[in-house]
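Below is input.cif, holding mmCIF, C-alpha atoms.
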```
data_data
loop_
_atom_site.group_PDB
_atom_site.id
_atom_site.type_symbol
_atom_site.label_atom_id
_atom_site.label_comp_id
_atom_site.auth_asym_id
_atom_site.auth_seq_id
_atom_site.Cartn_x
_atom_site.Cartn_y
_atom_site.Cartn_z
ATOM 1 C CA MET P 1 -62.377 9.515 -14.002
ATOM 2 C CA GLY P 2 -59.201 10.864 -15.595
ATOM 3 C CA ASN P 3 -58.362 13.855 -17.696
ATOM 4 C CA ARG P 4 -60.020 14.026 -21.105
ATOM 5 C CA GLY P 5 -58.577 17.442 -21.915
ATOM 6 C CA GLY P 6 -55.326 18.441 -23.418
ATOM 7 C CA MET P 7 -52.540 20.945 -23.599
ATOM 8 C CA ALA P 8 -50.904 23.142 -26.198
ATOM 9 C CA VAL P 9 -47.264 24.227 -25.993
ATOM 10 C CA ALA P 10 -45.905 27.007 -28.189
ATOM 11 C CA HIS P 11 -43.059 29.465 -28.455
ATOM 12 C CA ALA P 12 -45.236 32.473 -27.600
ATOM 13 C CA THR P 13 -46.445 34.332 -24.537
ATOM 14 C CA VAL P 14 -49.050 32.735 -22.294
ATOM 15 C CA ALA P 15 -51.597 35.348 -23.396
ATOM 16 C CA GLU P 16 -50.908 34.624 -27.077
ATOM 17 C CA VAL P 17 -51.144 30.857 -26.622
ATOM 18 C CA ARG P 18 -54.426 31.247 -24.727
ATOM 19 C CA GLU P 19 -55.857 33.446 -27.498
ATOM 20 C CA PHE P 20 -54.559 31.317 -30.361
ATOM 21 C CA ALA P 21 -55.650 28.052 -28.722
ATOM 22 C CA ALA P 22 -59.192 29.368 -28.383
ATOM 23 C CA GLU P 23 -59.140 30.468 -32.048
ATOM 24 C CA ALA P 24 -57.928 26.983 -33.075
ATOM 25 C CA GLY P 25 -60.872 25.341 -31.319
ATOM 26 C CA CYS P 26 -59.339 24.339 -28.005
ATOM 27 C CA ALA P 27 -62.358 24.681 -25.740
ATOM 28 C CA GLY P 28 -62.358 25.467 -22.039
ATOM 29 C CA VAL P 29 -58.860 26.869 -21.546
ATOM 30 C CA ASP P 30 -58.511 26.473 -17.802
ATOM 31 C CA GLY P 31 -54.840 26.899 -16.918
ATOM 32 C CA ASP P 32 -51.514 28.000 -18.248
ATOM 33 C CA ALA P 33 -47.842 28.350 -17.393
ATOM 34 C CA ASP P 34 -44.715 30.078 -18.646
ATOM 35 C CA LEU P 35 -42.196 27.303 -19.314
ATOM 36 C CA GLY P 36 -39.248 29.663 -19.752
ATOM 37 C CA GLY P 37 -37.206 30.420 -22.840
ATOM 38 C CA GLY P 38 -40.244 31.983 -24.511
ATOM 39 C CA TRP P 39 -42.286 28.743 -24.330
ATOM 40 C CA SER P 40 -45.753 28.620 -22.789
ATOM 41 C CA VAL P 41 -48.412 25.997 -22.182
ATOM 42 C CA VAL P 42 -52.180 26.202 -21.879
ATOM 43 C CA TYR P 43 -54.423 23.448 -20.586
ATOM 44 C CA CYS P 44 -57.861 22.975 -22.082
ATOM 45 C CA ALA P 45 -60.894 20.839 -21.462
ATOM 46 C CA ASP P 46 -61.002 19.772 -25.109
ATOM 47 C CA LYS P 47 -58.356 19.955 -27.854
ATOM 48 C CA ALA P 48 -59.551 20.318 -31.420
ATOM 49 C CA ASP P 49 -58.126 18.000 -34.080
ATOM 50 C CA GLY P 50 -55.504 19.784 -36.163
ATOM 51 C CA ALA P 51 -54.973 22.422 -33.501
ATOM 52 C CA ALA P 52 -51.171 22.055 -33.634
ATOM 53 C CA ALA P 53 -50.988 22.992 -37.313
ATOM 54 C CA ALA P 54 -53.422 25.883 -36.861
ATOM 55 C CA LEU P 55 -51.473 27.152 -33.853
ATOM 56 C CA ALA P 56 -48.132 26.826 -35.682
ATOM 57 C CA ARG P 57 -49.482 28.921 -38.557
ATOM 58 C CA ARG P 58 -50.772 31.514 -36.098
ATOM 59 C CA THR P 59 -47.641 31.689 -33.917
ATOM 60 C CA GLY P 60 -45.097 31.259 -36.696
ATOM 61 C CA ALA P 61 -43.317 28.752 -34.446
ATOM 62 C CA PRO P 62 -43.390 25.043 -33.583
ATOM 63 C CA VAL P 63 -46.392 23.897 -31.546
ATOM 64 C CA LEU P 64 -47.000 20.664 -29.660
ATOM 65 C CA THR P 65 -50.436 19.516 -28.513
ATOM 66 C CA VAL P 66 -51.447 16.532 -26.414
ATOM 67 C CA ALA P 67 -54.984 15.211 -26.056
ATOM 68 C CA TYR P 68 -55.599 12.848 -23.143
ATOM 69 C CA LEU P 69 -57.866 9.840 -22.908
ATOM 70 C CA ASP P 70 -58.781 9.425 -19.234
ATOM 71 C CA SER P 71 -55.186 10.333 -18.266
ATOM 72 C CA ASP P 72 -54.261 6.866 -19.553
ATOM 73 C CA VAL P 73 -53.182 7.700 -23.095
ATOM 74 C CA GLY P 74 -51.811 10.833 -24.734
ATOM 75 C CA PHE P 75 -52.182 11.656 -28.424
ATOM 76 C CA VAL P 76 -49.326 13.979 -29.386
ATOM 77 C CA GLU P 77 -49.333 16.198 -32.434
ATOM 78 C CA GLY P 78 -46.416 18.435 -33.359
ATOM 79 C CA ALA P 79 -46.362 21.018 -36.126
ATOM 80 C CA THR P 80 -43.967 23.642 -37.412
ATOM 81 C CA PHE P 81 -44.670 26.870 -39.231
ATOM 82 C CA ALA P 82 -42.933 25.423 -42.317
ATOM 83 C CA GLY P 83 -45.500 22.615 -42.434
ATOM 84 C CA GLY P 84 -43.654 19.773 -40.720
ATOM 85 C CA ARG P 85 -46.016 17.521 -38.770
ATOM 86 C CA TRP P 86 -45.614 14.440 -36.595
ATOM 87 C CA LYS P 87 -47.772 12.359 -34.299
ATOM 88 C CA ALA P 88 -47.008 10.116 -31.369
ATOM 89 C CA LEU P 89 -48.776 8.025 -28.790
ATOM 90 C CA LEU P 90 -47.981 8.176 -25.075
ATOM 91 C CA ASN P 91 -48.490 5.102 -22.871
ATOM 92 C CA ARG P 92 -48.542 2.558 -25.696
ATOM 93 C CA ASP P 93 -49.249 -0.402 -23.378
ATOM 94 C CA MET P 94 -52.344 1.305 -22.010
ATOM 95 C CA ALA P 95 -53.364 2.338 -25.548
ATOM 96 C CA ALA P 96 -53.320 -1.328 -26.543
ATOM 97 C CA ASP P 97 -55.701 -2.025 -23.641
ATOM 98 C CA TYR P 98 -58.072 0.542 -25.187
ATOM 99 C CA GLU P 99 -57.654 -1.278 -28.515
ATOM 100 C CA ILE P 100 -56.033 1.784 -30.074
ATOM 101 C CA PRO P 101 -54.026 0.612 -33.097
ATOM 102 C CA VAL P 102 -50.539 1.494 -31.860
ATOM 103 C CA ASP P 103 -49.054 0.528 -35.227
ATOM 104 C CA ARG P 104 -50.526 3.771 -36.584
ATOM 105 C CA PHE P 105 -48.029 5.611 -34.369
ATOM 106 C CA PRO P 106 -44.605 4.215 -35.343
ATOM 107 C CA VAL P 107 -41.962 5.147 -32.776
ATOM 108 C CA GLU P 108 -39.150 5.772 -35.286
ATOM 109 C CA ALA P 109 -41.271 8.162 -37.356
ATOM 110 C CA ALA P 110 -42.386 9.991 -34.206
ATOM 111 C CA LEU P 111 -38.800 10.206 -32.970
ATOM 112 C CA ALA P 112 -37.584 11.667 -36.264
ATOM 113 C CA GLY P 113 -40.470 14.150 -36.325
ATOM 114 C CA ALA P 114 -39.892 15.153 -32.714
ATOM 115 C CA LEU P 115 -36.191 15.777 -33.285
ATOM 116 C CA ASP P 116 -36.903 17.853 -36.407
ATOM 117 C CA TRP P 117 -39.567 19.754 -34.478
ATOM 118 C CA ALA P 118 -37.143 20.530 -31.645
ATOM 119 C CA ALA P 119 -34.473 21.709 -34.090
ATOM 120 C CA ALA P 120 -37.030 23.987 -35.802
ATOM 121 C CA GLY P 121 -37.716 25.510 -32.390
ATOM 122 C CA GLY P 122 -34.034 26.091 -31.649
ATOM 123 C CA LEU P 123 -34.109 23.420 -28.937
ATOM 124 C CA THR P 124 -31.542 20.783 -28.080
ATOM 125 C CA ALA P 125 -33.409 17.508 -27.756
ATOM 126 C CA ASP P 126 -32.193 14.322 -26.090
ATOM 127 C CA PRO P 127 -32.907 11.591 -28.687
ATOM 128 C CA GLU P 128 -32.671 8.727 -26.181
ATOM 129 C CA GLY P 129 -34.866 10.639 -23.728
ATOM 130 C CA VAL P 130 -37.500 11.195 -26.424
ATOM 131 C CA ARG P 131 -37.354 7.508 -27.392
ATOM 132 C CA ALA P 132 -37.718 6.491 -23.724
ATOM 133 C CA VAL P 133 -40.864 8.616 -23.417
ATOM 134 C CA LEU P 134 -42.345 7.318 -26.668
ATOM 135 C CA THR P 135 -41.859 3.713 -25.571
ATOM 136 C CA GLY P 136 -42.340 4.171 -21.815
ATOM 137 C CA SER P 137 -45.241 3.745 -19.445
ATOM 138 C CA GLU P 138 -46.523 5.793 -16.527
ATOM 139 C CA VAL P 139 -49.672 5.695 -14.440
ATOM 140 C CA PHE P 140 -50.674 9.067 -15.912
ATOM 141 C CA ALA P 141 -50.078 10.100 -19.521
ATOM 142 C CA GLU P 142 -49.580 13.667 -18.290
ATOM 143 C CA ASP P 143 -46.349 12.534 -16.607
ATOM 144 C CA LEU P 144 -45.090 11.217 -19.943
ATOM 145 C CA ALA P 145 -46.055 14.500 -21.613
ATOM 146 C CA ASP P 146 -43.996 16.421 -19.050
ATOM 147 C CA ARG P 147 -41.071 14.065 -19.646
ATOM 148 C CA LEU P 148 -41.462 14.549 -23.399
ATOM 149 C CA LEU P 149 -41.225 18.322 -23.025
ATOM 150 C CA GLY P 150 -38.045 17.911 -21.000
ATOM 151 C CA ALA P 151 -36.521 15.511 -23.539
ATOM 152 C CA LEU P 152 -37.358 17.963 -26.327
ATOM 153 C CA GLY P 153 -35.492 20.718 -24.476
ATOM 154 C CA ILE P 154 -38.419 22.532 -22.848
ATOM 155 C CA ALA P 155 -38.605 22.565 -19.073
ATOM 156 C CA PRO P 156 -42.126 21.496 -18.043
ATOM 157 C CA ALA P 157 -43.896 23.567 -15.415
ATOM 158 C CA ALA P 158 -43.330 22.322 -11.888
ATOM 159 C CA PRO P 159 -46.434 21.258 -9.971
ATOM 160 C CA GLY P 160 -48.236 24.302 -8.662
ATOM 161 C CA GLU P 161 -46.650 26.680 -11.219
ATOM 162 C CA GLU P 162 -49.766 26.881 -13.341
ATOM 163 C CA SER P 163 -51.292 30.351 -13.317
ATOM 164 C CA ALA P 164 -55.076 30.264 -13.657
#
```
Will you turn the file into structure tokens for me?
Amino acid sequence: MGNRGGMAVAHATVAEVREFAAEAGCAGVDGDADLGGGWSVVYCADKADGAAAALARRTGAPVLTVAYLDSDVGFVEGATFAGGRWKALLNRDMAADYEIPVDRFPVEAALAGALDWAAAGGLTADPEGVRAVLTGSEVFAEDLADRLLGALGIAPAAPGEESA
């Protein structure tokens, strides 16, 4: 059985992201990492809907969350403090196998939202890299999430770098 949890990435300290994620309803925070450049990630057993917007309000910075469905599909939600929001789907081919309506996650809208989100965070995103992630496939959705962070300008944690 795959991962049914999620992750939250924010421009805040690990301790702040852990605290704010719990306040936003992310249950079972069970790992974290400093991603460098002031960005941190926490991993949780369950990600609450709307957590990205709640975390962005709390941190005053852009936040990205991903909820996983059996490690096969990732549901991405990005939010900025100014109220910008975007959603994306990772592993679209696998999502179609789950009968998830992929048309509710248009790639062009997600790409535009992701690029705006990165700019709001002072990041330099790679538009073609983001597009490749949003349209790509991997065995594990977590691998696509790591690639998305990299394409957005945030270095994902290397395996084994997680702290708790």
- Separation of CA of Ser137 in chain P from CA of Leu123 in chain P, in Å and rounded to one decimal: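 CA of Ser137 in chain P sits 24.5 Å away from CA of Leu123 in chain P.
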- What is the CA of Ser40 in chain P-CA of Ser71 in chain P distance in Å, reported with one decimal?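 According to the coordinates, CA of Ser40 in chain P and CA of Ser71 in chain P are separated by 21.1 Å.
If you measure from each of P:Gly129, P:Gly6, P:Gly25, P:Gly153 to Val73 in chain P using only C-alpha atoms, the closest one turns out to be P:Gly6.
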- Message: Within 12 Å of (-55.7, 20.5, -35.2) (file coordinates; all atoms listed in the file), which protein or nucleic acid residues are there? I'd like them as a PyMOL selection string.
- Response: chain P and resi 6+8+20-26+46-57+63-67+75-79+85-87
- One residue among P:Thr59, P:Asn91, P:Thr80, P:Thr13 is nearest to Ala145 in chain P when using only C-alpha atoms, and that residue is P:Asn91
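Within the 7 Å cut-off around range 104-111 of chain P, using only C-alpha atoms and omitting residues fewer than 4 positions from it on the same chain, the listed residues are Trp86, Lys87, Ala88, Leu89, Leu115, Val130, Arg131 and Leu134 of chain P.
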What does the file look like for those residues with C-alpha atoms, as a PDB file, in the frame of the given file?
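See result_27.pdb below for the written result:
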```
ATOM      1  CA  TRP P  86     -45.614  14.440 -36.595  1.00  0.00           C
ATOM      2  CA  LYS P  87     -47.772  12.359 -34.299  1.00  0.00           C
ATOM      3  CA  ALA P  88     -47.008  10.116 -31.369  1.00  0.00           C
ATOM      4  CA  LEU P  89     -48.776   8.025 -28.790  1.00  0.00           C
ATOM      5  CA  LEU P 115     -36.191  15.777 -33.285  1.00  0.00           C
ATOM      6  CA  VAL P 130     -37.500  11.195 -26.424  1.00  0.00           C
ATOM      7  CA  ARG P 131     -37.354   7.508 -27.392  1.00  0.00           C
ATOM      8  CA  LEU P 134     -42.345   7.318 -26.668  1.00  0.00           C
TER       9      LEU P 134
END
```
- Item | Length of the CA of Leu69 in chain P to CA of Thr135 in chain P vector [Å] |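 Computing the Euclidean distance for CA of Leu69 in chain P and CA of Thr135 in chain P yields 17.3 Å.
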- Note on the structure: Nearest to Asp93 in chain P, restricted to only C-alpha atoms and choosing among P:Asp70, P:Asp126, P:Glu138, P:Asp32, comes out as P:Glu138
- Between P:Val17, P:Ala33, P:Ile154, P:Ala12, which is the closest to Gly122 in chain P once you count only C-alpha atoms?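 Nearest to Gly122 in chain P: P:Ile154.
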- Task: Measuring atom to atom with only C-alpha atoms, identify which of P:Leu35, P:Ala61, P:Val29, P:Ala120 is nearest to Gly150 in chain P.
- Result: P:Leu35
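If you measure from each of P:Gly60, P:Gly38, P:Ala125, P:Val9 to Ala151 in chain P using all atoms listed in the file, the closest one turns out to be P:Ala125.
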Return the padded bounding box of range 49-60 of chain P as JSON: axis-aligned, built from all atoms listed in the file, 5 Å added on each side, with centre and edge lengths in Å to one decimal.
```
{"center_x": -51.6, "center_y": 24.8, "center_z": -36.0, "size_x": 23.0, "size_y": 23.7, "size_z": 15.1}
```
- Message: Applying the PyMOL selection byres ((chain P and resi 141) around 6) to the file I just gave you, which residues come out? Please list them as a list in words.
- Response: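 So the PyMOL selection byres ((chain P and resi 141) around 6) ends up selecting Ser71, Asp72, Val73, Gly74, Phe140, Glu142, Asp143 and Leu144 of chain P.
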